[in-house]
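I have placed the structure first, in the form of structure tokens, so that the comments after it can refer back to it.
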2 protein chains.
Amino acid sequence: MEEMEKKLDQLSIGAIRALVIDEISKANSGHPGMPLDIAPAIYTLVKNHLVADPKDPSWINRDRFVLSSGHCSALLYAVLHLAGYAVSLEDLKNFRQLDSLTPGHPEFGHTAGVDATAGPLGQGIAQAVGMAIAEKAVSAEYPEGAEIMSHYTYCLCGDGCLEEGISQEAISLAGHLKLNKLILIYDENTSTLDGPTSNSLTEDEKLRFKASEWNVLEVADGNDVEAIDKAIAEAKKSASAPTMIVVHTRIGYGSPKEGSCKCHGNPLTAEEGAKAKETYAYDYPAFTVPEEVYANFAKNFAERGAKAHAAHEAAMKAYAAKHPEDYARFEKAMKGDLKEFLPEIPEFAAGSKDASRNTSGKVVAAFQAKCPFAFGGSADVAGSVKTAVPGDPGFSAEHPEAKNVNWGIREFGMGCAQNGILLHGGLRTYVGCFLVFADYMKPAIRMAAMEKLPAIYLFSHDSIAVGEDGPTHEPIEQLCMLRSIPNVHVYRPADERETYAAWQMALLSEKTPTCLILSRQNLPLLEKSSVRGVSQGAYIVYEGEKKADYQIIATGSEVSLAIEAAKILAAKGINLEVVSMPSMEVFEEQDEAYKARVLHLPHEKRISLEMLSTFGWGKYAKYNIGLDRYGKSAPANEVMKALGFTAEEVAKKIASLL
Amino acid sequence: MEEMEKKLDQLSIGAIRALVIDEISKANSGHPGMPLDIAPAIYTLVKNHLVADPKDPSWINRDRFVLSSGHCSALLYAVLHLAGYAVSLEDLKNFRQLDSLTPGHPEFGHTAGVDATAGPLGQGIAQAVGMAIAEKAVSAEYPEGAEIMSHYTYCLCGDGCLEEGISQEAISLAGHLKLNKLILIYDENTSTLDGPTSNSLTEDEKLRFKASEWNVLEVADGNDVEAIDKAIAEAKKSASAPTMIVVHTRIGYGSPKEGSCKCHGNPLTAEEGAKAKETYAYDYPAFTVPEEVYANFAKNFAERGAKAHAAHEAAMKAYAAKHPEDYARFEKAMKGDLKEFLPEIPEFAAGSKDASRNTSGKVVAAFQAKCPFAFGGSADVAGSVKTAVPGDPGFSAEHPEAKNVNWGIREFGMGCAQNGILLHGGLRTYVGCFLVFADYMKPAIRMAAMEKLPAIYLFSHDSIAVGEDGPTHEPIEQLCMLRSIPNVHVYRPADERETYAAWQMALLSEKTPTCLILSRQNLPLLEKSSVRGVSQGAYIVYEGEKKADYQIIATGSEVSLAIEAAKILAAKGINLEVVSMPSMEVFEEQDEAYKARVLHLPHEKRISLEMLSTFGWGKYAKYNIGLDRYGKSAPANEVMKALGFTAEEVAKKIASLL
């Protein structure tokens, strides 16, 4: 009996490896090395441990699996196919082909069973950390919450992920937060793309993880199914630490290129593939899997998943009966539906003024007070970016019910973990740091945009008005970077009303991340600022007494500056109106008629004004007033004066341009 | 005697601390917490160990000192002042004021004695790693090289730097490369901006450094000058590992806010400052330093530096006599002067074609063959980005003479280390990775631009023509990100000739980093591509038979596509000419007459064509053909076809626009 099971294991692992070879050979593109060596570990995980339902891949209480080494997509697709997900042999044959379900790197929302987009190395680990945080936080949010949310998060990575700095941010945080239900499998195959790993990495990974308070296990032979099984079983028992399982393997196992970096990113030849299949004793034609392998996955994975799913459904029903209100809330949380939790926009008194970071802080407070599944934090600048939640103890193993995360000085890790939380579901999040450090987080924002997540970024200290901290801390080109990312909405609100409006837009977003760009300094309330105008991206916020000959298009703190300059110039007979354009991207989404109504003067009659890089403004205005240089360190008003951003100087500049 | 010395130590440390308090109080802005607690360590380093000459702060063989925690600038300026650098009491009084020598964060090239710009956390450590690499590599490049180059690199960091992922990339690499002359002082003051460090960090840093093969030392009491001295002395003896010295301190030592995060980023009040000075028994008016403190620094630091400098000058003279050719080369290397080492631009045969990454690989080979101080590498994609140097063993402790670095999968670390190498001098560098991973490196590129370093970035796989790897690996918005950074030149060459020309521009750059954007796919040689044209940023590369009614402005692989489309449209009576614009920034630097000559048709008669985000093109053309969405995974030609980038589709689109 045991002998038979072992044989079936070998056959099943052979099937995975053979499919990997077939996929990559047919596409003549892909990365066979790691999939071939780590297949037994993934097989063991799926067969004996992973709880998920291939018939309902988005079942909310499934174990999550993140392939951080996204270049191993062929492995994931092969396993998804065998495990009964909606990935057919035909899909495998279309590996890396146009519009197939099996693209080069796994894409969340595109292929059933893919829990996270992966490829940019290291980010998968940090996304998995986010999922493990979400599991703990969601579960803790409800009485007897473990009844409705209790699962593991698994992640597979290679040395590439561990060399990337982002991994350290994730590892450090996971250890600190004692995410005991996070299990990372590290494929230690001693090879990178360019050569042996030892060319660039000699550190002791086990010690590094131990330093971050992880539970560390080791499997000496990546083909030893029993040892892998034992390690995963032990990892699942960890009470207060995430677990890393080092699995020692040989890249391209079983192929003639075993042990060589040459099989990392290159397909095997037909002959090499055949030889490898011989080693695996897998004697079937390409893309052919014996029925008993399917049966094996059905019995040992799909059945377990279906049972667990049914039990969870029953538990949810019982829970709904026992805690109807909590359950209703849970359902809303899992949908991420915020309509009833939107902070109301207050009436603002004329003459009011405040920094938009402060206004944002008020929205954060209101959102946190209203929405039980609001979850936020900052990269050690809660006091400056105004993300602190009064009285909140900070999310931790001891306080999993807390709503505020002290992310530490880990902007990139924070951004990736936010992605993981939103991929998981059950919380609506925001994260904050200074705008200049959007630079550190950029790859995570791109990932959020690709994954179509409604992530919210609060970026304060949004110009040279940072002042004393000087050029290293004064954003110049960061808005260009953010605005140019596809599927990202950037808002730079001009006053309190616009800030509330932009926040509402962010909370109503379902598939698009939002960046809110906030000032350190006070912004005066504009007489005609408009919530509706913000929702349309741009609108005329100031008209002079006479018909305008020119338009100034401005954002954020420069809108009031533009109005002041317009008033100065009106006295000199130059008639300007001012357009507030909090969001270029949202404006672009409006119909042509609206756009033409706002930008009703010709291109050469328009002037853009933003105390940041002019890059990107040429589309809207012939004349671009901005800052295509680094800032200065001095009190904010002095920096702005020195660099020409006073009403008088702007008026002078405009007069000289026209 | 010893008692007197101890008293003088305490007085001197008191002077540093008092100046820090005075600077920050006068500016009413700054970060007193860490400077106050770590002052004794920096004092001890400067007094007993650091070898540098305040009369010649750029002496090439000085010990380097990098303040990675750049927010502690008040500390650095106070010490520079006391140590005899060109930082006066007046400068200290102008701390964080407009155009002072004492800006909010230290700026390289701005203040004497500042070896690196700092502020964005973590980057200082990685820059220090680059300096330590340079020290080893330069020294190894010459026979008896230690005669002319042999120094230590010191770095000070806090927990913020260690939480940032970049620190791990740097630490891991430094350990791997056995940079034994790198000494990192870690101020373990248990406080971040938002609260106790334990809010977000609980890992065992000593263990983490040990995992990366560092030598780890510890000082239990940050005020214990003897223990600090002993630790530094021991660190200097390390034969095969970098050293980290953990110095345990209490933030804001001696002030009423000692131990509280409240003194991290906020000035002390006048009263608190006075109390702190009492603790230090420092009884002098603001900005007042007793003569004996100056004398102490002069005797124990400046004299040592002057002597060492004189000895080094003598050694250099002797070296020049003994190895005249090597010495001449060394001098050129330290100046970074490449004029005589430029690869020649070959004649290209009509009909030639190649991927620009391949052409770049040829330039790399030629540059390496010609220039003895060329030094490059890639983030584990040497084979793809074509940075490999045949026969080179890879830079390591065993092969410090090697010219190629296996940076590992550490793009950000690579970028920062390159900055450190260039700050150090003696090598001219290039680093390479896929364009999409410029995202990971962006903060380092900004830093290079601020530090005015001639860094070279080779970014290959520059469009959806990446193909099978799909959207995560296909750049869209990365050029916007790079082009918008002030003081960066971005070139996207269109063929072999343009690639050579762009490389030449990169090598001739002295104060501006250069990004070379390279294709994965073949690019046909253009009949009229021009080296001179590249040096001017843009030029007309194709004129049809008839006078043009419209212009297409394109870059890189789209230039030949534009020409093809123009030919198709000419047959339909639409006459177009094509402008190749390899570099927007360089074009902007040309005089108005030249610019008008190239863009001689009005804005509404111009069309931009780039298989990337259209963001930023509105300045040059009314019609922008590009890609404001993510790519697809499929063979390159299929992706390009599916997204409309064939000559036929482009011609059709242009016809529909006009």
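Going by the structure tokens order, chains are called A, B, ..., each with residues numbered from 1, while ligands are numbered from 1 in the order shown.
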Residues of chain A no more than 6 Å from chain B, counting only C-alpha atoms: send them over as a compact mmCIF listing (two decimals) with all heavy atoms, in the first residue's frame.
```txt
# COMPACT_ATOMS: atom_id res chain seq x y z
N ARG A 96 2.47 31.16 -22.51
CA ARG A 96 3.16 32.37 -23.00
C ARG A 96 2.70 32.79 -24.41
O ARG A 96 3.46 33.46 -25.12
CB ARG A 96 4.68 32.15 -23.00
CG ARG A 96 5.24 31.97 -21.57
CD ARG A 96 6.75 32.00 -21.52
NE ARG A 96 7.16 32.46 -20.18
CZ ARG A 96 8.21 33.20 -19.92
NH1 ARG A 96 9.01 33.57 -20.89
NH2 ARG A 96 8.50 33.59 -18.70
N GLN A 97 1.45 32.39 -24.77
CA GLN A 97 0.94 32.82 -26.07
C GLN A 97 -0.12 33.90 -25.86
O GLN A 97 -0.66 34.07 -24.76
CB GLN A 97 0.35 31.63 -26.84
CG GLN A 97 1.35 30.50 -27.07
CD GLN A 97 2.66 30.96 -27.68
OE1 GLN A 97 2.67 31.57 -28.76
NE2 GLN A 97 3.78 30.73 -26.99
N LEU A 98 -0.39 34.62 -26.93
CA LEU A 98 -1.25 35.79 -26.86
C LEU A 98 -2.60 35.49 -26.22
O LEU A 98 -3.33 34.61 -26.66
CB LEU A 98 -1.46 36.35 -28.28
CG LEU A 98 -1.98 37.79 -28.36
CD1 LEU A 98 -0.96 38.76 -27.79
CD2 LEU A 98 -2.30 38.15 -29.79
N PRO A 103 0.01 33.18 -19.04
CA PRO A 103 1.04 34.15 -19.44
C PRO A 103 2.39 33.88 -18.78
O PRO A 103 2.48 33.03 -17.89
CB PRO A 103 0.45 35.48 -18.98
CG PRO A 103 -0.48 35.14 -17.86
CD PRO A 103 -1.03 33.78 -18.19
N GLY A 104 3.39 34.60 -19.21
CA GLY A 104 4.76 34.38 -18.77
C GLY A 104 4.96 34.43 -17.27
O GLY A 104 5.76 33.68 -16.71
N GLY A 160 16.68 34.62 -5.64
CA GLY A 160 16.45 35.95 -6.22
C GLY A 160 15.59 36.80 -5.32
O GLY A 160 15.89 37.96 -5.04
N GLU A 163 17.58 37.88 -2.30
CA GLU A 163 18.61 38.91 -2.51
C GLU A 163 18.00 40.30 -2.58
O GLU A 163 18.63 41.28 -2.18
CB GLU A 163 19.41 38.60 -3.79
CG GLU A 163 20.33 37.39 -3.62
CD GLU A 163 21.35 37.26 -4.75
OE1 GLU A 163 21.96 38.27 -5.14
OE2 GLU A 163 21.52 36.14 -5.26
N GLU A 164 16.79 40.40 -3.09
CA GLU A 164 16.13 41.71 -3.16
C GLU A 164 15.89 42.23 -1.74
O GLU A 164 15.39 41.51 -0.88
CB GLU A 164 14.78 41.59 -3.88
CG GLU A 164 14.87 41.25 -5.35
CD GLU A 164 15.34 42.41 -6.23
OE1 GLU A 164 15.65 43.50 -5.71
OE2 GLU A 164 15.41 42.20 -7.45
N GLY A 165 16.18 43.50 -1.53
CA GLY A 165 16.01 44.10 -0.21
C GLY A 165 14.59 44.02 0.33
O GLY A 165 14.37 43.90 1.54
N ILE A 166 13.63 44.06 -0.58
CA ILE A 166 12.23 44.01 -0.14
C ILE A 166 11.97 42.77 0.72
O ILE A 166 11.15 42.81 1.65
CB ILE A 166 11.29 44.04 -1.37
CG1 ILE A 166 9.82 43.84 -0.98
CG2 ILE A 166 11.65 43.00 -2.41
CD1 ILE A 166 9.26 44.93 -0.13
N GLN A 168 13.82 41.50 2.94
CA GLN A 168 14.20 41.75 4.34
C GLN A 168 13.11 42.55 5.05
O GLN A 168 12.78 42.27 6.21
CB GLN A 168 15.54 42.49 4.41
CG GLN A 168 16.01 42.79 5.83
CD GLN A 168 16.25 41.54 6.65
OE1 GLN A 168 16.50 40.46 6.10
NE2 GLN A 168 16.14 41.64 7.96
N GLU A 169 12.56 43.54 4.37
CA GLU A 169 11.48 44.30 4.99
C GLU A 169 10.33 43.38 5.35
O GLU A 169 9.73 43.48 6.43
CB GLU A 169 11.01 45.42 4.04
CG GLU A 169 12.12 46.42 3.72
CD GLU A 169 11.64 47.60 2.86
OE1 GLU A 169 10.43 47.85 2.77
OE2 GLU A 169 12.51 48.28 2.27
N HIS A 176 8.44 40.16 13.39
CA HIS A 176 8.01 41.10 14.42
C HIS A 176 6.54 40.89 14.77
O HIS A 176 6.15 40.94 15.94
CB HIS A 176 8.25 42.53 13.92
CG HIS A 176 7.65 43.59 14.77
ND1 HIS A 176 8.14 43.89 16.01
CD2 HIS A 176 6.58 44.41 14.58
CE1 HIS A 176 7.41 44.86 16.55
NE2 HIS A 176 6.45 45.18 15.70
N ASP A 194 22.93 34.08 -13.86
CA ASP A 194 24.27 34.29 -14.40
C ASP A 194 25.29 33.24 -13.98
O ASP A 194 26.41 33.24 -14.48
CB ASP A 194 24.79 35.68 -13.97
CG ASP A 194 24.34 36.78 -14.92
OD1 ASP A 194 23.79 36.45 -15.98
OD2 ASP A 194 24.54 37.96 -14.60
N SER A 200 27.28 35.70 -6.01
CA SER A 200 26.83 36.97 -5.45
C SER A 200 26.20 36.84 -4.06
O SER A 200 25.90 37.84 -3.43
CB SER A 200 25.81 37.64 -6.39
OG SER A 200 24.74 36.77 -6.66
N THR A 202 26.50 34.65 -0.37
CA THR A 202 27.08 33.59 0.46
C THR A 202 26.51 33.61 1.87
O THR A 202 26.94 32.84 2.71
CB THR A 202 28.62 33.71 0.51
OG1 THR A 202 28.97 35.09 0.61
CG2 THR A 202 29.25 33.14 -0.71
N GLU A 203 25.56 34.50 2.11
CA GLU A 203 25.07 34.63 3.48
C GLU A 203 24.31 33.38 3.95
O GLU A 203 23.82 32.60 3.14
CB GLU A 203 24.21 35.87 3.65
CG GLU A 203 22.80 35.72 3.13
CD GLU A 203 22.11 37.07 2.98
OE1 GLU A 203 22.72 38.11 3.18
OE2 GLU A 203 20.93 37.05 2.59
N ASP A 204 24.22 33.26 5.24
CA ASP A 204 23.54 32.13 5.87
C ASP A 204 22.07 32.51 6.04
O ASP A 204 21.70 33.23 6.97
CB ASP A 204 24.19 31.86 7.23
CG ASP A 204 23.57 30.67 7.93
OD1 ASP A 204 22.40 30.31 7.64
OD2 ASP A 204 24.26 30.10 8.80
N LEU A 207 20.27 31.68 9.35
CA LEU A 207 20.60 32.60 10.44
C LEU A 207 19.88 33.93 10.27
O LEU A 207 19.40 34.53 11.24
CB LEU A 207 22.12 32.81 10.45
CG LEU A 207 22.76 33.14 11.80
CD1 LEU A 207 22.43 32.07 12.83
CD2 LEU A 207 24.28 33.26 11.63
N ARG A 208 19.83 34.38 9.03
CA ARG A 208 19.14 35.65 8.77
C ARG A 208 17.67 35.57 9.18
O ARG A 208 17.14 36.49 9.80
CB ARG A 208 19.27 35.99 7.28
CG ARG A 208 18.52 37.21 6.85
CD ARG A 208 18.78 37.48 5.36
NE ARG A 208 17.75 38.33 4.79
CZ ARG A 208 17.36 38.29 3.53
NH1 ARG A 208 17.93 37.46 2.67
NH2 ARG A 208 16.42 39.10 3.09
N ALA A 211 17.39 35.55 12.87
CA ALA A 211 17.58 36.91 13.42
C ALA A 211 16.26 37.67 13.42
O ALA A 211 16.03 38.50 14.28
CB ALA A 211 18.63 37.65 12.61
N SER A 212 15.42 37.35 12.44
CA SER A 212 14.11 38.01 12.38
C SER A 212 13.03 37.19 13.07
O SER A 212 11.85 37.34 12.78
CB SER A 212 13.72 38.28 10.92
OG SER A 212 14.41 39.40 10.44
N ASP A 380 6.46 54.89 9.72
CA ASP A 380 7.08 55.65 10.81
C ASP A 380 6.93 57.16 10.67
O ASP A 380 7.76 57.92 11.16
CB ASP A 380 8.57 55.28 10.94
CG ASP A 380 9.13 55.70 12.30
OD1 ASP A 380 8.44 55.48 13.31
OD2 ASP A 380 10.23 56.28 12.35
N ASN A 406 2.03 49.93 12.55
CA ASN A 406 3.32 50.61 12.54
C ASN A 406 4.21 49.85 11.56
O ASN A 406 4.85 48.87 11.92
CB ASN A 406 3.94 50.60 13.94
CG ASN A 406 3.09 51.38 14.93
OD1 ASN A 406 2.77 52.53 14.70
ND2 ASN A 406 2.71 50.73 16.02
N GLY A 408 6.90 50.55 10.24
CA GLY A 408 8.35 50.74 10.31
C GLY A 408 8.83 51.49 9.08
O GLY A 408 8.05 51.88 8.20
N ILE A 409 10.14 51.69 9.03
CA ILE A 409 10.73 52.48 7.94
C ILE A 409 10.94 51.55 6.75
O ILE A 409 12.04 51.17 6.39
CB ILE A 409 12.02 53.16 8.44
CG1 ILE A 409 11.65 54.05 9.63
CG2 ILE A 409 12.66 54.01 7.36
CD1 ILE A 409 12.47 53.81 10.86
N ARG A 410 9.80 51.12 6.20
CA ARG A 410 9.78 50.07 5.17
C ARG A 410 8.71 50.43 4.15
O ARG A 410 7.69 49.75 4.05
CB ARG A 410 9.42 48.72 5.80
CG ARG A 410 10.28 48.24 6.96
CD ARG A 410 9.82 46.87 7.44
NE ARG A 410 10.60 46.37 8.56
CZ ARG A 410 10.21 46.41 9.83
NH1 ARG A 410 9.04 46.95 10.15
NH2 ARG A 410 10.98 45.90 10.78
N ASP A 439 9.21 57.10 -4.25
CA ASP A 439 10.29 56.48 -5.02
C ASP A 439 10.60 55.07 -4.53
O ASP A 439 10.87 54.18 -5.32
CB ASP A 439 11.57 57.32 -4.90
CG ASP A 439 11.54 58.58 -5.75
OD1 ASP A 439 10.53 58.82 -6.44
OD2 ASP A 439 12.54 59.33 -5.72
N PRO A 443 7.59 50.28 -7.16
CA PRO A 443 7.28 48.97 -7.75
C PRO A 443 6.01 48.35 -7.16
O PRO A 443 5.30 47.62 -7.84
CB PRO A 443 8.51 48.13 -7.40
CG PRO A 443 9.61 49.10 -7.12
CD PRO A 443 8.94 50.30 -6.54
N GLU A 468 12.85 73.03 5.37
CA GLU A 468 14.18 72.81 5.95
C GLU A 468 14.82 71.46 5.59
O GLU A 468 16.04 71.37 5.51
CB GLU A 468 14.13 72.94 7.48
CG GLU A 468 13.95 74.36 7.99
CD GLU A 468 12.48 74.73 8.14
OE1 GLU A 468 11.61 74.00 7.61
OE2 GLU A 468 12.21 75.76 8.78
N ASP A 469 14.03 70.43 5.44
CA ASP A 469 14.62 69.13 5.15
C ASP A 469 15.40 69.11 3.83
O ASP A 469 16.25 68.25 3.62
CB ASP A 469 13.54 68.03 5.15
CG ASP A 469 13.33 67.44 6.54
OD1 ASP A 469 14.18 67.68 7.43
OD2 ASP A 469 12.34 66.73 6.74
N GLY A 470 15.07 70.04 2.95
CA GLY A 470 15.89 70.26 1.78
C GLY A 470 15.69 69.27 0.64
O GLY A 470 14.78 68.45 0.65
N GLU A 477 9.96 65.27 -9.19
CA GLU A 477 9.50 64.48 -10.33
C GLU A 477 8.56 63.34 -9.92
O GLU A 477 8.14 62.56 -10.77
CB GLU A 477 10.73 63.90 -11.07
CG GLU A 477 11.42 62.72 -10.37
CD GLU A 477 12.35 63.08 -9.22
OE1 GLU A 477 12.27 64.23 -8.73
OE2 GLU A 477 13.13 62.21 -8.80
N MET A 481 6.15 60.39 -12.09
CA MET A 481 6.30 58.95 -11.92
C MET A 481 4.95 58.30 -11.63
O MET A 481 4.61 57.28 -12.21
CB MET A 481 7.28 58.70 -10.77
CG MET A 481 7.50 57.26 -10.42
SD MET A 481 8.68 57.10 -9.04
CE MET A 481 7.59 57.37 -7.63
N SER A 484 2.18 58.61 -14.53
CA SER A 484 2.43 57.85 -15.76
C SER A 484 2.19 56.35 -15.58
O SER A 484 2.22 55.61 -16.54
CB SER A 484 3.88 58.10 -16.23
OG SER A 484 4.80 57.70 -15.23
N ILE A 485 1.92 55.90 -14.36
CA ILE A 485 1.64 54.47 -14.17
C ILE A 485 0.23 54.17 -14.66
O ILE A 485 -0.72 54.80 -14.17
CB ILE A 485 1.77 54.05 -12.68
CG1 ILE A 485 3.09 54.53 -12.08
CG2 ILE A 485 1.62 52.54 -12.52
CD1 ILE A 485 3.21 54.25 -10.57
N PRO A 486 0.06 53.23 -15.58
CA PRO A 486 -1.31 52.93 -16.03
C PRO A 486 -2.17 52.44 -14.88
O PRO A 486 -1.69 51.72 -13.99
CB PRO A 486 -1.10 51.81 -17.07
CG PRO A 486 0.30 51.98 -17.54
CD PRO A 486 1.06 52.49 -16.35
N PHE A 615 7.32 68.17 -16.47
CA PHE A 615 7.20 67.03 -17.38
C PHE A 615 5.76 66.51 -17.38
O PHE A 615 5.21 66.19 -16.33
CB PHE A 615 8.17 65.92 -16.94
CG PHE A 615 8.33 64.83 -17.95
CD1 PHE A 615 9.22 64.95 -19.00
CD2 PHE A 615 7.57 63.67 -17.87
CE1 PHE A 615 9.37 63.94 -19.94
CE2 PHE A 615 7.71 62.66 -18.80
CZ PHE A 615 8.60 62.79 -19.84
N GLY A 616 5.17 66.42 -18.55
CA GLY A 616 3.80 65.92 -18.66
C GLY A 616 2.76 67.01 -18.82
O GLY A 616 1.62 66.74 -19.19
N GLY A 618 2.95 69.57 -20.93
CA GLY A 618 2.88 70.07 -22.30
C GLY A 618 1.60 69.68 -23.01
O GLY A 618 1.15 70.35 -23.93
N LYS A 619 1.00 68.62 -22.57
CA LYS A 619 -0.25 68.18 -23.17
C LYS A 619 -1.37 69.20 -22.96
O LYS A 619 -2.25 69.37 -23.81
CB LYS A 619 -0.65 66.85 -22.54
CG LYS A 619 -1.98 66.32 -23.01
CD LYS A 619 -2.18 64.90 -22.55
CE LYS A 619 -3.45 64.34 -23.17
NZ LYS A 619 -3.64 62.95 -22.80
N ASP A 628 12.07 72.32 -12.67
CA ASP A 628 12.80 71.20 -13.26
C ASP A 628 14.22 71.16 -12.70
O ASP A 628 15.20 71.03 -13.43
CB ASP A 628 12.77 71.33 -14.79
CG ASP A 628 11.34 71.15 -15.30
OD1 ASP A 628 10.70 70.16 -14.92
OD2 ASP A 628 10.86 72.01 -16.05
N ARG A 629 14.31 71.31 -11.41
CA ARG A 629 15.58 71.27 -10.70
C ARG A 629 15.28 70.82 -9.26
O ARG A 629 14.12 70.71 -8.88
CB ARG A 629 16.21 72.66 -10.67
CG ARG A 629 15.24 73.75 -10.17
CD ARG A 629 15.96 74.93 -9.58
NE ARG A 629 16.57 74.58 -8.30
CZ ARG A 629 17.48 75.30 -7.68
NH1 ARG A 629 17.91 76.40 -8.21
NH2 ARG A 629 17.97 74.91 -6.51
N SER A 633 17.15 73.84 0.97
CA SER A 633 16.86 73.70 2.39
C SER A 633 16.77 75.07 3.04
O SER A 633 17.75 75.81 3.09
CB SER A 633 17.97 72.88 3.06
OG SER A 633 17.90 73.00 4.47
N ALA A 634 15.59 75.41 3.50
CA ALA A 634 15.34 76.68 4.21
C ALA A 634 13.89 76.66 4.64
O ALA A 634 13.12 75.81 4.19
CB ALA A 634 15.61 77.87 3.28
```
Practice prompt. For stretch 134-140 of chain A, please output as a ChimeraX atom specification all residues within 10 Å (counting only C-alpha atoms; exclusion window: fewer than 2 positions along the same chain).
Written response: /A:61,63-64,128-132,142-153,179-182,330,333-334,373,375,395-397,399-403,417-418,420-427
Practice prompt. Would you mind writing down, as a list in words, each residue of stretch 67-289 of chain B that DSSP on the backbone assigns to strand (DSSP E)?
Written response: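 The residues of stretch 67-289 of chain B classed as strand (DSSP E) are Leu67, Thr153, Tyr154, Cys155, Leu156, Cys157, Leu182, Ile183, Leu184, Ile185, Tyr186, Asp187, Glu188, Asn215, Val216, Leu217, Glu218, Val219, Thr243, Met244, Ile245, Val246, Val247 and His248 of chain B.
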Take the selection from the previous step and output its residues with C-alpha atoms, as a PDB file, in the first residue's frame.
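Output (result23.pdb):
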```pdb
ATOM      1  CA  LEU B  67      26.428  59.691   7.569  1.00  0.00           C
ATOM      2  CA  THR B 153      35.330  53.613   5.014  1.00  0.00           C
ATOM      3  CA  TYR B 154      33.197  54.457   8.036  1.00  0.00           C
ATOM      4  CA  CYS B 155      29.470  54.751   8.106  1.00  0.00           C
ATOM      5  CA  LEU B 156      26.994  55.775  10.801  1.00  0.00           C
ATOM      6  CA  CYS B 157      23.449  54.498  10.730  1.00  0.00           C
ATOM      7  CA  LEU B 182      34.277  48.907   5.931  1.00  0.00           C
ATOM      8  CA  ILE B 183      33.181  49.808   9.459  1.00  0.00           C
ATOM      9  CA  LEU B 184      29.554  50.515  10.248  1.00  0.00           C
ATOM     10  CA  ILE B 185      28.567  52.145  13.510  1.00  0.00           C
ATOM     11  CA  TYR B 186      24.992  51.342  14.384  1.00  0.00           C
ATOM     12  CA  ASP B 187      23.411  53.698  16.874  1.00  0.00           C
ATOM     13  CA  GLU B 188      20.981  51.462  18.700  1.00  0.00           C
ATOM     14  CA  ASN B 215      32.339  40.870  12.160  1.00  0.00           C
ATOM     15  CA  VAL B 216      30.056  42.121  14.936  1.00  0.00           C
ATOM     16  CA  LEU B 217      31.176  44.154  17.947  1.00  0.00           C
ATOM     17  CA  GLU B 218      29.165  45.781  20.652  1.00  0.00           C
ATOM     18  CA  VAL B 219      29.478  48.773  22.940  1.00  0.00           C
ATOM     19  CA  THR B 243      32.576  45.170  10.882  1.00  0.00           C
ATOM     20  CA  MET B 244      29.400  46.389  12.504  1.00  0.00           C
ATOM     21  CA  ILE B 245      29.688  48.037  15.883  1.00  0.00           C
ATOM     22  CA  VAL B 246      26.413  48.206  17.769  1.00  0.00           C
ATOM     23  CA  VAL B 247      26.528  51.175  20.079  1.00  0.00           C
ATOM     24  CA  HIS B 248      23.760  51.161  22.660  1.00  0.00           C
TER      25      HIS B 248
END
```
Item to complete: For stretch 654-658 of chain B, list every protein, DNA or RNA residue within 8 Å, evaluated using only C-alpha atoms, and leave out those in the same chain fewer than 6 positions away; present the list as a PyMOL selection string.
Response: chain B and resi 569+574+607+623
Item to complete: Can you check which residues of stretch 175-360 of chain A DSSP gives as alpha helix (DSSP H) on the backbone and send them as JSON, numbers by chain?
Response: {"A": [175, 176, 205, 206, 207, 208, 209, 210, 211, 225, 226, 227, 228, 229, 230, 231, 232, 233, 234, 235, 236, 270, 271, 272, 273, 274, 275, 276, 277, 278, 279, 291, 292, 293, 294, 295, 296, 297, 303, 304, 305, 306, 307, 308, 309, 310, 311, 312, 313, 314, 315, 316, 317, 318, 319, 320, 321, 322, 324, 325, 326, 327, 328, 329, 330, 331, 332, 333, 334, 335, 356, 357, 358, 359, 360]}
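Checking A:Glu564, A:Asn637, A:Gln551, A:Pro513 one by one against A:Arg606, counting only C-alpha atoms, you find the shortest gap at A:Gln551.
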Item to complete: Could you tell me which of B:Lys572, B:Lys353, B:Lys547, B:His49 comes closest to B:Asn522 if we count only C-alpha atoms?
Response: B:Lys353
Practice prompt. Determine, counting only C-alpha atoms, which protein, DNA and RNA residues have an atom within 6 Å of an atom of stretch 75-87 of chain B; residues of the same chain fewer than 2 positions away are not included. Present the result as a ChimeraX atom specification.
Written response: /B:16,19-20,35,54,72-73,91,294,297
